[in-house]
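Enquirer: Below you'll find the structure I mean.
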Amino acid sequence: MTDTYAILFVCTGNICRSPFAERLLRARLDARLGPEAKRIEVASAGTYGLAGESMMPEASETLHRLGGTSDGFVARSLDAQQVEAADLILALAREHRGAVVTLVPRASARTLTLREYARLLGGVTAADLPPAGGDPVERFRAITAAAFARRGYAPPRHPSDDDVPDPFGGPMSGYERAAAMIDKALGVPLALLSD
């Protein structure tokens with residue numbers, strides 16, 4: 001056990017969905033936990049990462065409207081070291097989950113799609129977790145353990161329900177739809193973190 005908890009978001013180019021999720025979760029953790037939020041590390045990378053690029057303007061604009069910031073963001077390509085360093089890997093679509101597990105097979109025990117993670121937590125209540133207000137790292141570990149314990153017991157209606165569609169190259173409405181899906185999914189563990 002360490003004093004920090006590392007979450008890695010993964011999408012394709014690391015310029016739309018995964019940096020949006022990274023920066024939105026960072027903003028929400030900072031708002032909820034104050035200085036303790038730094039103990040939960042949040043990063044992102046892309047399976048075909050456009051290394052060195054900024055976040056797409058549409059993703060950045062949507063992020064800013066929800067209280068996050070894209071300032072200083074630089075895209076990264078996914079590598080095995082990032083996967084190994086993460087306590088939890090949240091892919092934005094099933095293809096990214098597959099890419100993570102292909103790169104580091106033992107990471108399957110720490111890898112879900114973001115929407116899958118939220119779905120699995122749907123049946124978890126505060127009573128299933130250590131008391132809120134304690135150690136946020138231990139609380140996040142318990143939230144994740146509860147999600148993985150429900151794997152196989154809460155299947156999606158359709159496999160694509162676990163994906164956040166890629167808005168890249170499409171209209172602003174696609175970015176807004178992806179943002180809403182990410183925001184809703186992140187809301188599930190965040191609610192359990194502070195319940």
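Order determines the names: the first chain of the structure tokens is A, the second B, and so forth; residues in each chain are numbered 1 upward, and ligands are numbered 1 upward as they are shown.
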Write out as a list of chain:residue names which residues come within 12 Å of Ala142 in chain A when counting only C-alpha atoms, dropping same-chain ones fewer than 6 positions away.
Expert: A:Tyr5, A:Asp87, A:Leu88, A:Leu121, A:Val124, A:Thr125, A:Ala126, A:Ala127, A:Asp128, A:Leu129, A:Pro130, A:Pro131, A:Ala132, A:Gly134, A:Asp135, A:Pro136, A:Phe148, A:Ala149, A:Pro189, A:Leu192, A:Leu193
Enquirer: Which neighbours of Asp30 in chain A fall inside 12 Å, counting only C-alpha atoms, when residues of the same chain fewer than 5 positions from it are skipped, and could you give them as a count of residues only?
Expert: 15
Enquirer: Find the residues around Phe73 in chain A up to 8 Å (only C-alpha atoms counted), leave out those fewer than 4 positions away in its own chain, and share them as a PyMOL selection string.
Expert: chain A and resi 19+54-55
Enquirer: According to DSSP computed on the backbone, where in range 80-184 of chain A is there strand (DSSP E)? Give the residues as a list in words.
Expert: Leu88, Ile89, Leu90, Ala91, Thr111, Leu112 and Thr113 of chain A
Enquirer: Would you mind listing what lies within 12 Å of range 58-62 of chain A as a ChimeraX atom specification, with only C-alpha atoms counted and same-chain residues fewer than 3 positions away left out?
Expert: /A:14-24,54-55,65-73,166-180,182-183
Enquirer: Counting only C-alpha atoms, what is within 10 Å of Arg150 in chain A, bar same-chain residues fewer than 5 positions away, as a short mmCIF file (atom, residue, chain, number, x, y, z; two decimals) with N, CA and C atoms, in the first residue's frame?
Expert:
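Printed below is out-v7.cif as written:
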data_model
loop_
_atom_site.label_atom_id
_atom_site.label_comp_id
_atom_site.auth_asym_id
_atom_site.auth_seq_id
_atom_site.Cartn_x
_atom_site.Cartn_y
_atom_site.Cartn_z
N TYR A 117 -17.04 0.98 -14.97
CA TYR A 117 -16.73 1.25 -13.56
C TYR A 117 -17.95 1.87 -12.87
N ARG A 119 -21.08 1.72 -13.84
CA ARG A 119 -22.17 0.75 -13.83
C ARG A 119 -22.00 -0.26 -12.71
N LEU A 120 -20.79 -0.77 -12.53
CA LEU A 120 -20.53 -1.75 -11.48
C LEU A 120 -20.71 -1.14 -10.09
N LEU A 121 -20.47 0.15 -9.97
CA LEU A 121 -20.66 0.82 -8.68
C LEU A 121 -22.12 1.16 -8.41
N GLY A 122 -22.98 0.96 -9.40
CA GLY A 122 -24.39 1.31 -9.25
C GLY A 122 -25.08 0.63 -8.08
N GLY A 123 -24.65 -0.55 -7.71
CA GLY A 123 -25.27 -1.25 -6.59
C GLY A 123 -24.53 -1.10 -5.28
N VAL A 124 -23.48 -0.27 -5.26
CA VAL A 124 -22.67 -0.08 -4.06
C VAL A 124 -23.19 1.13 -3.28
N ALA A 145 -12.39 -1.71 -5.23
CA ALA A 145 -12.54 -3.13 -4.88
C ALA A 145 -14.01 -3.54 -4.97
N PRO A 155 -24.13 -6.96 -15.91
CA PRO A 155 -23.75 -6.78 -17.32
C PRO A 155 -24.46 -5.59 -17.96
#
Enquirer: With only C-alpha atoms as the basis for distance, which of A:Leu114, A:Ala93, A:Val188, A:Leu50 is at the shortest distance from Arg76 in chain A?
Expert: A:Leu50
Enquirer: Enter the distance from CA of Leu186 in chain A to CA of Ser77 in chain A, in Å, rounded to one decimal.
Expert: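 Interatomic distance, CA of Leu186 in chain A to CA of Ser77 in chain A: 22.9 Å.
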Enquirer: For Ala86 in chain A, list every protein, DNA or RNA residue within 10 Å, evaluated using only C-alpha atoms, and leave out those in the same chain fewer than 6 positions away; present the list as a tab-separated table (two decimals) with N, CA and C atoms, in the first residue's frame.
Expert:
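Saved file part-v1.tsv follows:
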chain	number	residue	atom	x	y	z
A	5	TYR	N	-2.90	7.20	-4.64
A	5	TYR	CA	-3.71	6.32	-5.49
A	5	TYR	C	-3.65	6.91	-6.89
A	6	ALA	N	-3.20	6.13	-7.87
A	6	ALA	CA	-2.97	6.64	-9.23
A	6	ALA	C	-4.03	6.11	-10.19
A	7	ILE	N	-4.71	7.04	-10.85
A	7	ILE	CA	-5.74	6.71	-11.84
A	7	ILE	C	-5.24	7.15	-13.21
A	8	LEU	N	-5.35	6.26	-14.19
A	8	LEU	CA	-4.93	6.55	-15.56
A	8	LEU	C	-6.13	6.38	-16.49
A	9	PHE	N	-6.46	7.43	-17.22
A	9	PHE	CA	-7.50	7.37	-18.24
A	9	PHE	C	-6.83	7.12	-19.59
A	41	GLU	N	-3.66	10.73	-7.61
A	41	GLU	CA	-2.99	11.19	-8.83
A	41	GLU	C	-3.84	10.82	-10.04
A	42	VAL	N	-3.96	11.74	-10.97
A	42	VAL	CA	-4.79	11.52	-12.15
A	42	VAL	C	-3.98	11.86	-13.39
A	43	ALA	N	-3.95	10.94	-14.36
A	43	ALA	CA	-3.20	11.14	-15.59
A	43	ALA	C	-3.98	10.54	-16.75
A	107	ALA	N	-2.56	-6.29	-16.05
A	107	ALA	CA	-3.34	-5.08	-15.73
A	107	ALA	C	-4.84	-5.32	-15.85
A	110	ARG	N	-6.92	-4.47	-12.98
A	110	ARG	CA	-7.02	-3.05	-12.59
A	110	ARG	C	-7.63	-2.20	-13.69
A	111	THR	N	-8.20	-2.83	-14.71
A	111	THR	CA	-8.65	-2.09	-15.89
A	111	THR	C	-10.12	-2.32	-16.19
